[in-house]
>>> print(open('work.txt').read())   # compact mmCIF, C-alpha atoms and all ligand atoms
# COMPACT_ATOMS: atom_id res chain seq x y z
CA MET A 1 -11.16 203.77 -130.03
CA THR A 2 -14.68 202.76 -131.13
CA SER A 3 -16.60 199.85 -129.63
CA SER A 4 -15.97 197.73 -132.76
CA HIS A 5 -12.27 197.65 -131.92
CA ARG A 6 -12.58 196.47 -128.34
CA ASP A 7 -11.42 193.08 -127.11
CA PRO A 8 -14.56 190.83 -127.00
CA GLY A 9 -13.15 188.87 -124.03
CA ALA A 10 -12.76 191.90 -121.82
CA LYS A 11 -15.06 192.37 -118.80
CA GLY A 12 -17.67 195.06 -118.72
CA LEU A 13 -18.33 195.19 -122.46
CA THR A 14 -21.94 195.73 -123.25
CA SER A 15 -22.16 196.16 -127.00
CA PRO A 16 -25.13 194.00 -128.19
CA GLU A 17 -23.94 193.88 -131.77
CA LEU A 18 -20.74 192.07 -130.64
CA GLY A 19 -22.83 189.39 -128.82
CA GLN A 20 -21.28 190.37 -125.54
CA VAL A 21 -22.58 189.89 -122.01
CA THR A 22 -25.18 192.28 -120.75
CA PRO A 23 -26.05 192.58 -117.05
CA LEU A 24 -29.16 190.65 -115.98
CA THR A 25 -32.19 192.54 -114.87
CA PRO A 26 -33.54 191.72 -111.37
CA GLU A 27 -36.40 189.77 -113.01
CA GLN A 28 -33.95 187.70 -115.05
CA GLN A 29 -31.81 187.01 -111.95
CA LYS A 30 -34.91 185.88 -110.07
CA ALA A 31 -35.94 183.60 -112.96
CA LEU A 32 -32.42 182.12 -113.07
CA THR A 33 -32.48 181.49 -109.32
CA ASN A 34 -35.85 179.78 -109.63
CA ARG A 35 -34.56 177.56 -112.45
CA ARG A 36 -31.56 176.57 -110.30
CA ARG A 37 -33.85 175.69 -107.40
CA PHE A 38 -36.08 173.67 -109.70
CA LEU A 39 -33.07 171.73 -111.00
CA GLN A 40 -31.81 171.09 -107.46
CA ILE A 41 -35.23 169.80 -106.39
CA SER A 42 -35.51 167.63 -109.52
CA VAL A 43 -32.09 166.07 -108.99
CA GLY A 44 -32.81 165.55 -105.28
CA GLY A 45 -36.15 163.95 -106.07
CA SER A 46 -34.61 161.64 -108.64
CA LEU A 47 -31.94 160.51 -106.19
CA ALA A 48 -34.61 159.89 -103.54
CA ALA A 49 -36.66 157.85 -106.04
CA ILE A 50 -33.61 155.74 -106.89
CA GLY A 51 -33.00 155.19 -103.16
CA VAL A 52 -36.60 154.06 -102.63
CA ALA A 53 -36.40 151.76 -105.67
CA PHE A 54 -33.39 150.04 -104.12
CA ALA A 55 -34.80 150.05 -100.59
CA PHE A 56 -38.06 148.23 -101.39
CA PRO A 57 -36.46 145.08 -102.85
CA VAL A 58 -34.18 144.97 -99.80
CA LEU A 59 -37.18 145.20 -97.45
CA ALA A 60 -39.09 142.61 -99.50
CA LEU A 61 -36.10 140.27 -99.34
CA LYS A 62 -35.93 140.76 -95.58
CA ALA A 63 -39.63 139.88 -95.24
CA ILE A 64 -39.16 136.77 -97.37
CA THR A 65 -36.19 135.77 -95.24
CA GLN A 66 -38.30 136.09 -92.09
CA PHE A 67 -41.10 134.05 -93.63
CA SER A 68 -38.59 131.41 -94.65
CA ASP A 69 -38.04 130.78 -90.93
CA VAL A 70 -39.78 127.44 -91.25
CA VAL A 71 -40.06 124.31 -89.18
CA ALA A 72 -36.87 122.31 -88.67
CA GLU A 73 -35.60 119.36 -86.67
CA GLY A 74 -35.59 120.04 -82.93
CA ASP A 75 -38.41 122.63 -83.03
CA LEU A 76 -40.99 122.52 -80.28
CA ILE A 77 -44.56 121.89 -81.42
CA GLY A 78 -47.24 124.11 -79.88
CA ASP A 79 -48.80 127.55 -80.09
CA PRO A 80 -46.27 130.11 -81.36
CA GLY A 81 -48.59 132.97 -80.30
CA SER A 82 -48.48 132.10 -76.61
CA ASN A 83 -45.24 130.06 -76.70
CA THR A 84 -47.16 127.18 -75.18
CA PRO A 85 -46.00 123.65 -76.00
CA LEU A 86 -48.67 121.16 -77.01
CA ASP A 87 -50.21 119.58 -73.91
CA VAL A 88 -49.69 115.95 -74.88
CA GLY A 89 -51.06 114.70 -71.54
CA ALA A 90 -54.46 116.27 -72.17
CA PHE A 91 -54.79 115.08 -75.75
CA PRO A 92 -57.48 112.40 -76.20
CA VAL A 93 -56.92 109.51 -78.59
CA ASN A 94 -58.59 109.77 -82.01
CA THR A 95 -58.72 113.54 -81.97
CA GLY A 96 -56.97 116.18 -84.00
CA VAL A 97 -55.97 119.77 -83.35
CA TYR A 98 -54.30 122.64 -85.16
CA SER A 99 -50.83 123.47 -83.92
CA GLY A 100 -47.71 125.34 -84.93
CA VAL A 101 -44.01 125.77 -84.25
CA ILE A 102 -42.83 127.62 -81.14
CA GLY A 103 -40.64 130.59 -82.02
CA LYS A 104 -41.50 130.60 -85.72
CA SER A 105 -43.99 132.42 -87.89
CA SER A 106 -47.51 131.06 -87.84
CA GLN A 107 -48.00 132.56 -91.32
CA ALA A 108 -45.65 130.27 -93.21
CA ASN A 109 -47.50 127.28 -94.67
CA GLU A 110 -44.70 124.97 -93.56
CA ASN A 111 -45.44 125.89 -89.94
CA LYS A 112 -49.18 125.15 -90.10
CA LEU A 113 -49.63 121.80 -88.46
CA GLU A 114 -52.41 119.32 -87.78
CA VAL A 115 -51.60 117.04 -84.85
CA VAL A 116 -53.51 113.79 -84.41
CA ARG A 117 -53.33 111.37 -81.52
CA VAL A 118 -53.74 107.82 -82.80
CA ALA A 119 -52.77 105.79 -79.71
CA GLU A 120 -52.15 106.03 -75.99
CA ASN A 121 -48.92 104.18 -75.35
CA GLY A 122 -47.09 107.08 -73.74
CA THR A 123 -44.61 107.52 -76.58
CA ALA A 124 -44.18 110.02 -79.38
CA GLU A 125 -45.45 107.28 -81.70
CA ASP A 126 -48.91 108.07 -80.33
CA PHE A 127 -48.87 111.29 -82.37
CA ARG A 128 -48.99 112.08 -86.05
CA VAL A 129 -48.05 115.56 -87.21
CA PHE A 130 -49.11 116.65 -90.70
CA ASN A 131 -48.91 119.84 -92.61
CA ARG A 132 -52.47 121.09 -92.57
CA ILE A 133 -52.53 122.64 -96.06
CA CYS A 134 -54.64 120.34 -98.21
CA THR A 135 -52.64 118.96 -101.13
CA HIS A 136 -55.57 119.51 -103.48
CA LEU A 137 -55.97 123.30 -103.69
CA GLY A 138 -54.54 124.57 -100.44
CA CYS A 139 -57.45 124.84 -97.99
CA ASN A 140 -56.76 124.04 -94.35
CA VAL A 141 -57.89 120.54 -93.51
CA GLN A 142 -60.32 120.37 -90.62
CA PRO A 143 -58.77 120.31 -87.13
CA GLU A 144 -61.23 117.66 -85.92
CA LEU A 145 -61.21 114.19 -87.42
CA ASN A 146 -64.29 112.93 -89.24
CA PRO A 147 -66.47 110.24 -87.59
CA GLN A 148 -64.22 107.57 -89.10
CA GLY A 149 -61.18 109.07 -87.36
CA GLU A 150 -59.72 110.46 -90.61
CA VAL A 151 -58.31 113.85 -91.55
CA HIS A 152 -60.63 115.60 -93.99
CA CYS A 153 -60.94 118.77 -96.02
CA LEU A 154 -64.32 120.43 -96.42
CA CYS A 155 -63.41 122.43 -99.52
CA HIS A 156 -63.82 119.56 -102.00
CA GLY A 157 -64.13 116.50 -99.80
CA SER A 158 -60.61 115.00 -99.78
CA VAL A 159 -59.97 112.51 -96.99
CA PHE A 160 -56.58 111.47 -95.61
CA SER A 161 -55.46 108.66 -93.35
CA SER A 162 -54.73 109.88 -89.83
CA GLU A 163 -51.98 107.23 -89.60
CA GLU A 164 -49.74 108.35 -92.46
CA GLY A 165 -51.64 111.05 -94.35
CA ALA A 166 -52.35 108.87 -97.39
CA VAL A 167 -55.20 109.94 -99.68
CA LEU A 168 -58.32 107.90 -98.92
CA ALA A 169 -60.62 109.99 -101.11
CA GLY A 170 -59.87 112.65 -103.73
CA PRO A 171 -59.74 115.03 -105.41
CA ALA A 172 -56.39 115.41 -103.61
CA ALA A 173 -53.77 113.30 -105.36
CA ARG A 174 -50.90 113.59 -102.86
CA PRO A 175 -50.66 112.53 -99.20
CA LEU A 176 -50.45 115.19 -96.51
CA PRO A 177 -46.76 115.90 -95.81
CA GLN A 178 -45.88 114.34 -92.44
CA LEU A 179 -43.27 115.39 -89.89
CA PRO A 180 -41.48 112.77 -87.78
CA VAL A 181 -41.73 113.64 -84.08
CA ALA A 182 -40.13 112.70 -80.77
CA PHE A 183 -40.30 113.69 -77.10
CA ASP A 184 -37.61 115.94 -75.70
CA ASP A 185 -36.17 115.41 -72.19
CA GLN A 186 -39.16 117.25 -70.72
CA GLY A 187 -41.72 115.09 -72.49
CA ARG A 188 -42.65 117.77 -75.01
CA LEU A 189 -43.38 116.94 -78.61
CA ILE A 190 -40.63 118.12 -80.96
CA VAL A 191 -39.87 117.80 -84.66
CA ALA A 192 -37.49 114.93 -85.39
CA GLY A 193 -36.79 115.46 -89.09
CA ALA A 194 -37.96 116.83 -92.40
CA TYR A 195 -41.36 116.57 -94.07
CA SER A 196 -42.08 113.32 -95.87
CA SER A 197 -42.89 115.31 -99.03
CA GLU A 198 -42.98 118.85 -100.31
CA VAL A 199 -45.45 121.25 -98.68
S1 LIG B 1 -58.58 122.01 -101.19
FE1 LIG B 1 -58.96 120.29 -99.95
S2 LIG B 1 -60.20 119.02 -101.15
FE2 LIG B 1 -59.80 120.71 -102.42
>>> encode(input="work.txt", output="structure tokens")
Amino acid sequence: MTSSHRDPGAKGLTSPELGQVTPLTPEQQKALTNRRRFLQISVGGSLAAIGVAFAFPVLALKAITQFSDVVAEGDLIGDPGSNTPLDVGAFPVNTGVYSGVIGKSSQANENKLEVVRVAENGTAEDFRVFNRICTHLGCNVQPELNPQGEVHCLCHGSVFSSEEGAVLAGPAARPLPQLPVAFDDQGRLIVAGAYSSEV
């Protein structure tokens, strides 16, 4: 029987004119192996890239969630870095000071506080607690009161009442958001409700 009469599906046939399989040379086998490796690496890399693309939004969401850990009723006012409550006994009348929220991020704007002592009656009413982000363009108001006993912002000169945060001089158009406060059973200043307006 000649090669032209052989079964094309049979193994071991090598006739080129029938389009049949010919054994690979060592160089061809090496090239094929390299191509397979390249494909495996490409697929692995693509899967890793997809994993990273999903992981980053998850991490970003987690960070946002942590930063949303903002001031709430019952929180202790003081220095979150040292966990030190505000020393209300050593706080002179007609002075102001920066403060924060114990146990919560000092980075969140909602937790950036300006505390002012306006009286000396021994009650929580002696204190005013404002958000310290100026309602004009977001600078921090000054911790110290101006000579008139008012809260002020050096960026563009806005002035706010230290009693209720009302705008006394622009360009700010909105009062400073104020937090109601109370004393807890240890005489520490705590948050007693929500901000009077949006921070
Ligand atoms: S940011 Fe305070 S006056 Fe402009």
>>> atom_distance(input="work.txt", atom1="CA of Val181 (chain A)", atom2="CA of Glu144 (chain A)")
20.0 Å
>>> atom_distance(input="work.txt", atom1="CA of Thr135 (chain A)", atom2="CA of Ala169 (chain A)")
12.0 Å
>>> residues_around(input="work.txt", residues="Leu86 (chain A)", least_positions_apart="3", cutoff="8 Å", atoms="all atoms listed in the file", output="list in words")
Ile77, Gly78, Asp79, Ser99, Arg188 and Leu189 of chain A
>>> closest_residue(input="work.txt", among="A:Leu176, A:Ile133, A:Ala166, A:Val115", to="Asp87 (chain A)", atoms="all atoms listed in the file")
A:Val115
>>> residues_around(input="work.txt", residues="Pro180 (chain A)", least_positions_apart="3", cutoff="9 Å", atoms="only C-alpha atoms", output="list in words")
Glu73, Arg128, Val129, Ile190, Val191, Ala192, Gly193, Ala194, Tyr195 and Ser196 of chain A
>>> write_last_selection(input="work.txt", atoms="C-alpha atoms", output="compact mmCIF listing (two decimals), in the coordinates of the input")
# COMPACT_ATOMS: atom_id res chain seq x y z
CA GLU A 73 -35.60 119.36 -86.67
CA ARG A 128 -48.99 112.08 -86.05
CA VAL A 129 -48.05 115.56 -87.21
CA ILE A 190 -40.63 118.12 -80.96
CA VAL A 191 -39.87 117.80 -84.66
CA ALA A 192 -37.49 114.93 -85.39
CA GLY A 193 -36.79 115.46 -89.09
CA ALA A 194 -37.96 116.83 -92.40
CA TYR A 195 -41.36 116.57 -94.07
CA SER A 196 -42.08 113.32 -95.87
>>> atom_distance(input="work.txt", atom1="CA of Gln107 (chain A)", atom2="CA of Ala173 (chain A)")
24.5 Å
>>> residues_near_ligand(input="work.txt", ligand="ligand LIG 1 (chain B)", cutoff="12 Å", atoms="only C-alpha atoms and all ligand atoms", output="ChimeraX atom specification")
/A:132-142,151-160,167-176
>>> write_last_selection(input="work.txt", atoms="C-alpha atoms", output="PDB file, keeping the file's coordinate frame")
ATOM      1  CA  ARG A 132     -52.470 121.090 -92.570  1.00  0.00           C
ATOM      2  CA  ILE A 133     -52.530 122.640 -96.060  1.00  0.00           C
ATOM      3  CA  CYS A 134     -54.640 120.340 -98.210  1.00  0.00           C
ATOM      4  CA  THR A 135     -52.640 118.960-101.130  1.00  0.00           C
ATOM      5  CA  HIS A 136     -55.570 119.510-103.480  1.00  0.00           C
ATOM      6  CA  LEU A 137     -55.970 123.300-103.690  1.00  0.00           C
ATOM      7  CA  GLY A 138     -54.540 124.570-100.440  1.00  0.00           C
ATOM      8  CA  CYS A 139     -57.450 124.840 -97.990  1.00  0.00           C
ATOM      9  CA  ASN A 140     -56.760 124.040 -94.350  1.00  0.00           C
ATOM     10  CA  VAL A 141     -57.890 120.540 -93.510  1.00  0.00           C
ATOM     11  CA  GLN A 142     -60.320 120.370 -90.620  1.00  0.00           C
ATOM     12  CA  VAL A 151     -58.310 113.850 -91.550  1.00  0.00           C
ATOM     13  CA  HIS A 152     -60.630 115.600 -93.990  1.00  0.00           C
ATOM     14  CA  CYS A 153     -60.940 118.770 -96.020  1.00  0.00           C
ATOM     15  CA  LEU A 154     -64.320 120.430 -96.420  1.00  0.00           C
ATOM     16  CA  CYS A 155     -63.410 122.430 -99.520  1.00  0.00           C
ATOM     17  CA  HIS A 156     -63.820 119.560-102.000  1.00  0.00           C
ATOM     18  CA  GLY A 157     -64.130 116.500 -99.800  1.00  0.00           C
ATOM     19  CA  SER A 158     -60.610 115.000 -99.780  1.00  0.00           C
ATOM     20  CA  VAL A 159     -59.970 112.510 -96.990  1.00  0.00           C
ATOM     21  CA  PHE A 160     -56.580 111.470 -95.610  1.00  0.00           C
ATOM     22  CA  VAL A 167     -55.200 109.940 -99.680  1.00  0.00           C
ATOM     23  CA  LEU A 168     -58.320 107.900 -98.920  1.00  0.00           C
ATOM     24  CA  ALA A 169     -60.620 109.990-101.110  1.00  0.00           C
ATOM     25  CA  GLY A 170     -59.870 112.650-103.730  1.00  0.00           C
ATOM     26  CA  PRO A 171     -59.740 115.030-105.410  1.00  0.00           C
ATOM     27  CA  ALA A 172     -56.390 115.410-103.610  1.00  0.00           C
ATOM     28  CA  ALA A 173     -53.770 113.300-105.360  1.00  0.00           C
ATOM     29  CA  ARG A 174     -50.900 113.590-102.860  1.00  0.00           C
ATOM     30  CA  PRO A 175     -50.660 112.530 -99.200  1.00  0.00           C
ATOM     31  CA  LEU A 176     -50.450 115.190 -96.510  1.00  0.00           C
TER      32      LEU A 176
END
>>> residues_near_point(input="work.txt", point="(-46.2, 126.5, -83.2)", cutoff="12 Å", atoms="only C-alpha atoms", output="PyMOL selection string")
chain A and resi 70-72+75-86+97-115+129+131+189-191
>>> residues_around(input="work.txt", residues="Val118 (chain A)", least_positions_apart="6", cutoff="7 Å", atoms="all atoms listed in the file", output="PyMOL selection string")
chain A and resi 93-94+126-127
>>> decode(input="work.txt", residues="region 108-155 of chain A", atoms="N, CA and C atoms", output="PDB file, in the first residue's frame")
ATOM      1  N   ALA A 108     -11.118  63.634  61.376  1.00  0.00           N
ATOM      2  CA  ALA A 108     -12.445  63.956  60.843  1.00  0.00           C
ATOM      3  C   ALA A 108     -12.843  65.374  61.248  1.00  0.00           C
ATOM      4  N   ASN A 109     -13.298  66.159  60.295  1.00  0.00           N
ATOM      5  CA  ASN A 109     -13.678  67.542  60.594  1.00  0.00           C
ATOM      6  C   ASN A 109     -14.717  67.626  61.714  1.00  0.00           C
ATOM      7  N   GLU A 110     -15.621  66.660  61.742  1.00  0.00           N
ATOM      8  CA  GLU A 110     -16.680  66.691  62.758  1.00  0.00           C
ATOM      9  C   GLU A 110     -16.122  66.612  64.174  1.00  0.00           C
ATOM     10  N   ASN A 111     -14.898  66.037  64.290  1.00  0.00           N
ATOM     11  CA  ASN A 111     -14.315  65.841  65.621  1.00  0.00           C
ATOM     12  C   ASN A 111     -13.360  66.960  66.030  1.00  0.00           C
ATOM     13  N   LYS A 112     -13.266  68.003  65.184  1.00  0.00           N
ATOM     14  CA  LYS A 112     -12.362  69.123  65.492  1.00  0.00           C
ATOM     15  C   LYS A 112     -13.162  70.206  66.217  1.00  0.00           C
ATOM     16  N   LEU A 113     -12.854  70.371  67.467  1.00  0.00           N
ATOM     17  CA  LEU A 113     -13.692  71.221  68.320  1.00  0.00           C
ATOM     18  C   LEU A 113     -12.951  72.456  68.810  1.00  0.00           C
ATOM     19  N   GLU A 114     -13.713  73.506  69.041  1.00  0.00           N
ATOM     20  CA  GLU A 114     -13.236  74.697  69.734  1.00  0.00           C
ATOM     21  C   GLU A 114     -14.120  74.847  70.974  1.00  0.00           C
ATOM     22  N   VAL A 115     -13.488  74.778  72.151  1.00  0.00           N
ATOM     23  CA  VAL A 115     -14.244  74.891  73.396  1.00  0.00           C
ATOM     24  C   VAL A 115     -13.989  76.275  73.989  1.00  0.00           C
ATOM     25  N   VAL A 116     -15.052  76.929  74.382  1.00  0.00           N
ATOM     26  CA  VAL A 116     -14.955  78.269  74.968  1.00  0.00           C
ATOM     27  C   VAL A 116     -15.633  78.243  76.332  1.00  0.00           C
ATOM     28  N   ARG A 117     -14.994  78.887  77.295  1.00  0.00           N
ATOM     29  CA  ARG A 117     -15.660  79.026  78.600  1.00  0.00           C
ATOM     30  C   ARG A 117     -16.209  80.444  78.680  1.00  0.00           C
ATOM     31  N   VAL A 118     -17.515  80.542  78.865  1.00  0.00           N
ATOM     32  CA  VAL A 118     -18.160  81.858  78.852  1.00  0.00           C
ATOM     33  C   VAL A 118     -18.628  82.290  80.247  1.00  0.00           C
ATOM     34  N   ALA A 119     -18.599  81.397  81.216  1.00  0.00           N
ATOM     35  CA  ALA A 119     -19.065  81.749  82.563  1.00  0.00           C
ATOM     36  C   ALA A 119     -18.404  80.825  83.578  1.00  0.00           C
ATOM     37  N   GLU A 120     -18.653  81.098  84.840  1.00  0.00           N
ATOM     38  CA  GLU A 120     -18.019  80.308  85.896  1.00  0.00           C
ATOM     39  C   GLU A 120     -19.049  79.994  86.969  1.00  0.00           C
ATOM     40  N   ASN A 121     -20.090  79.286  86.554  1.00  0.00           N
ATOM     41  CA  ASN A 121     -21.166  78.939  87.479  1.00  0.00           C
ATOM     42  C   ASN A 121     -21.074  77.493  87.963  1.00  0.00           C
ATOM     43  N   GLY A 122     -20.086  76.779  87.470  1.00  0.00           N
ATOM     44  CA  GLY A 122     -19.921  75.393  87.899  1.00  0.00           C
ATOM     45  C   GLY A 122     -20.849  74.423  87.213  1.00  0.00           C
ATOM     46  N   THR A 123     -21.414  74.817  86.079  1.00  0.00           N
ATOM     47  CA  THR A 123     -22.282  73.907  85.325  1.00  0.00           C
ATOM     48  C   THR A 123     -21.751  73.766  83.897  1.00  0.00           C
ATOM     49  N   ALA A 124     -22.317  72.816  83.188  1.00  0.00           N
ATOM     50  CA  ALA A 124     -21.899  72.629  81.787  1.00  0.00           C
ATOM     51  C   ALA A 124     -22.290  73.826  80.930  1.00  0.00           C
ATOM     52  N   GLU A 125     -23.246  74.614  81.428  1.00  0.00           N
ATOM     53  CA  GLU A 125     -23.660  75.822  80.699  1.00  0.00           C
ATOM     54  C   GLU A 125     -22.535  76.846  80.609  1.00  0.00           C
ATOM     55  N   ASP A 126     -21.507  76.667  81.413  1.00  0.00           N
ATOM     56  CA  ASP A 126     -20.355  77.576  81.358  1.00  0.00           C
ATOM     57  C   ASP A 126     -19.584  77.422  80.048  1.00  0.00           C
ATOM     58  N   PHE A 127     -19.813  76.295  79.367  1.00  0.00           N
ATOM     59  CA  PHE A 127     -18.977  75.964  78.201  1.00  0.00           C
ATOM     60  C   PHE A 127     -19.784  76.003  76.906  1.00  0.00           C
ATOM     61  N   ARG A 128     -19.108  76.434  75.866  1.00  0.00           N
ATOM     62  CA  ARG A 128     -19.664  76.365  74.516  1.00  0.00           C
ATOM     63  C   ARG A 128     -18.709  75.520  73.692  1.00  0.00           C
ATOM     64  N   VAL A 129     -19.247  74.594  72.942  1.00  0.00           N
ATOM     65  CA  VAL A 129     -18.414  73.722  72.111  1.00  0.00           C
ATOM     66  C   VAL A 129     -18.857  73.871  70.661  1.00  0.00           C
ATOM     67  N   PHE A 130     -17.937  74.364  69.839  1.00  0.00           N
ATOM     68  CA  PHE A 130     -18.213  74.592  68.419  1.00  0.00           C
ATOM     69  C   PHE A 130     -17.349  73.676  67.565  1.00  0.00           C
ATOM     70  N   ASN A 131     -17.817  73.429  66.361  1.00  0.00           N
ATOM     71  CA  ASN A 131     -16.912  72.844  65.386  1.00  0.00           C
ATOM     72  C   ASN A 131     -15.953  73.949  64.957  1.00  0.00           C
ATOM     73  N   ARG A 132     -14.665  73.617  64.877  1.00  0.00           N
ATOM     74  CA  ARG A 132     -13.699  74.686  64.648  1.00  0.00           C
ATOM     75  C   ARG A 132     -13.381  74.949  63.172  1.00  0.00           C
ATOM     76  N   ILE A 133     -14.069  74.269  62.272  1.00  0.00           N
ATOM     77  CA  ILE A 133     -13.865  74.517  60.836  1.00  0.00           C
ATOM     78  C   ILE A 133     -14.703  75.724  60.430  1.00  0.00           C
ATOM     79  N   CYS A 134     -14.023  76.777  60.017  1.00  0.00           N
ATOM     80  CA  CYS A 134     -14.719  78.017  59.659  1.00  0.00           C
ATOM     81  C   CYS A 134     -15.734  77.751  58.546  1.00  0.00           C
ATOM     82  N   THR A 135     -16.923  78.306  58.703  1.00  0.00           N
ATOM     83  CA  THR A 135     -17.982  78.058  57.718  1.00  0.00           C
ATOM     84  C   THR A 135     -17.808  78.879  56.448  1.00  0.00           C
ATOM     85  N   HIS A 136     -16.749  79.693  56.384  1.00  0.00           N
ATOM     86  CA  HIS A 136     -16.487  80.399  55.130  1.00  0.00           C
ATOM     87  C   HIS A 136     -15.808  79.446  54.145  1.00  0.00           C
ATOM     88  N   LEU A 137     -14.517  79.207  54.310  1.00  0.00           N
ATOM     89  CA  LEU A 137     -13.804  78.342  53.361  1.00  0.00           C
ATOM     90  C   LEU A 137     -13.015  77.235  54.046  1.00  0.00           C
ATOM     91  N   GLY A 138     -13.319  76.969  55.294  1.00  0.00           N
ATOM     92  CA  GLY A 138     -12.780  75.756  55.915  1.00  0.00           C
ATOM     93  C   GLY A 138     -11.473  75.870  56.666  1.00  0.00           C
ATOM     94  N   CYS A 139     -10.978  77.083  56.929  1.00  0.00           N
ATOM     95  CA  CYS A 139      -9.812  77.198  57.809  1.00  0.00           C
ATOM     96  C   CYS A 139     -10.226  76.804  59.230  1.00  0.00           C
ATOM     97  N   ASN A 140      -9.233  76.538  60.076  1.00  0.00           N
ATOM     98  CA  ASN A 140      -9.523  76.386  61.507  1.00  0.00           C
ATOM     99  C   ASN A 140      -9.668  77.778  62.112  1.00  0.00           C
ATOM    100  N   VAL A 141     -10.705  77.993  62.872  1.00  0.00           N
ATOM    101  CA  VAL A 141     -10.774  79.259  63.613  1.00  0.00           C
ATOM    102  C   VAL A 141      -9.636  79.262  64.625  1.00  0.00           C
ATOM    103  N   GLN A 142      -9.330  80.431  65.152  1.00  0.00           N
ATOM    104  CA  GLN A 142      -8.251  80.523  66.125  1.00  0.00           C
ATOM    105  C   GLN A 142      -8.671  79.879  67.449  1.00  0.00           C
ATOM    106  N   PRO A 143      -7.735  79.203  68.144  1.00  0.00           N
ATOM    107  CA  PRO A 143      -8.108  78.636  69.442  1.00  0.00           C
ATOM    108  C   PRO A 143      -8.392  79.722  70.475  1.00  0.00           C
ATOM    109  N   GLU A 144      -7.570  80.785  70.461  1.00  0.00           N
ATOM    110  CA  GLU A 144      -7.786  81.868  71.434  1.00  0.00           C
ATOM    111  C   GLU A 144      -8.864  82.813  70.931  1.00  0.00           C
ATOM    112  N   LEU A 145      -9.600  83.378  71.862  1.00  0.00           N
ATOM    113  CA  LEU A 145     -10.603  84.383  71.487  1.00  0.00           C
ATOM    114  C   LEU A 145      -9.904  85.699  71.144  1.00  0.00           C
ATOM    115  N   ASN A 146     -10.593  86.557  70.388  1.00  0.00           N
ATOM    116  CA  ASN A 146     -10.021  87.874  70.111  1.00  0.00           C
ATOM    117  C   ASN A 146     -10.198  88.770  71.355  1.00  0.00           C
ATOM    118  N   PRO A 147      -9.661  89.972  71.344  1.00  0.00           N
ATOM    119  CA  PRO A 147      -9.753  90.830  72.541  1.00  0.00           C
ATOM    120  C   PRO A 147     -11.189  91.109  72.976  1.00  0.00           C
ATOM    121  N   GLN A 148     -12.120  90.970  72.069  1.00  0.00           N
ATOM    122  CA  GLN A 148     -13.532  91.188  72.426  1.00  0.00           C
ATOM    123  C   GLN A 148     -14.194  89.909  72.968  1.00  0.00           C
ATOM    124  N   GLY A 149     -13.422  88.847  73.100  1.00  0.00           N
ATOM    125  CA  GLY A 149     -13.971  87.596  73.626  1.00  0.00           C
ATOM    126  C   GLY A 149     -14.770  86.830  72.586  1.00  0.00           C
ATOM    127  N   GLU A 150     -14.429  87.016  71.302  1.00  0.00           N
ATOM    128  CA  GLU A 150     -15.169  86.351  70.220  1.00  0.00           C
ATOM    129  C   GLU A 150     -14.273  85.321  69.526  1.00  0.00           C
ATOM    130  N   VAL A 151     -14.939  84.355  68.886  1.00  0.00           N
ATOM    131  CA  VAL A 151     -14.205  83.374  68.085  1.00  0.00           C
ATOM    132  C   VAL A 151     -13.911  84.020  66.734  1.00  0.00           C
ATOM    133  N   HIS A 152     -12.682  83.864  66.244  1.00  0.00           N
ATOM    134  CA  HIS A 152     -12.362  84.521  64.971  1.00  0.00           C
ATOM    135  C   HIS A 152     -11.495  83.629  64.093  1.00  0.00           C
ATOM    136  N   CYS A 153     -11.543  83.954  62.810  1.00  0.00           N
ATOM    137  CA  CYS A 153     -10.784  83.196  61.818  1.00  0.00           C
ATOM    138  C   CYS A 153      -9.847  84.159  61.109  1.00  0.00           C
ATOM    139  N   LEU A 154      -8.566  83.831  61.092  1.00  0.00           N
ATOM    140  CA  LEU A 154      -7.573  84.737  60.520  1.00  0.00           C
ATOM    141  C   LEU A 154      -7.527  84.680  58.995  1.00  0.00           C
ATOM    142  N   CYS A 155      -8.091  83.630  58.409  1.00  0.00           N
ATOM    143  CA  CYS A 155      -7.952  83.487  56.949  1.00  0.00           C
ATOM    144  C   CYS A 155      -8.547  84.672  56.205  1.00  0.00           C
TER     145      CYS A 155
END
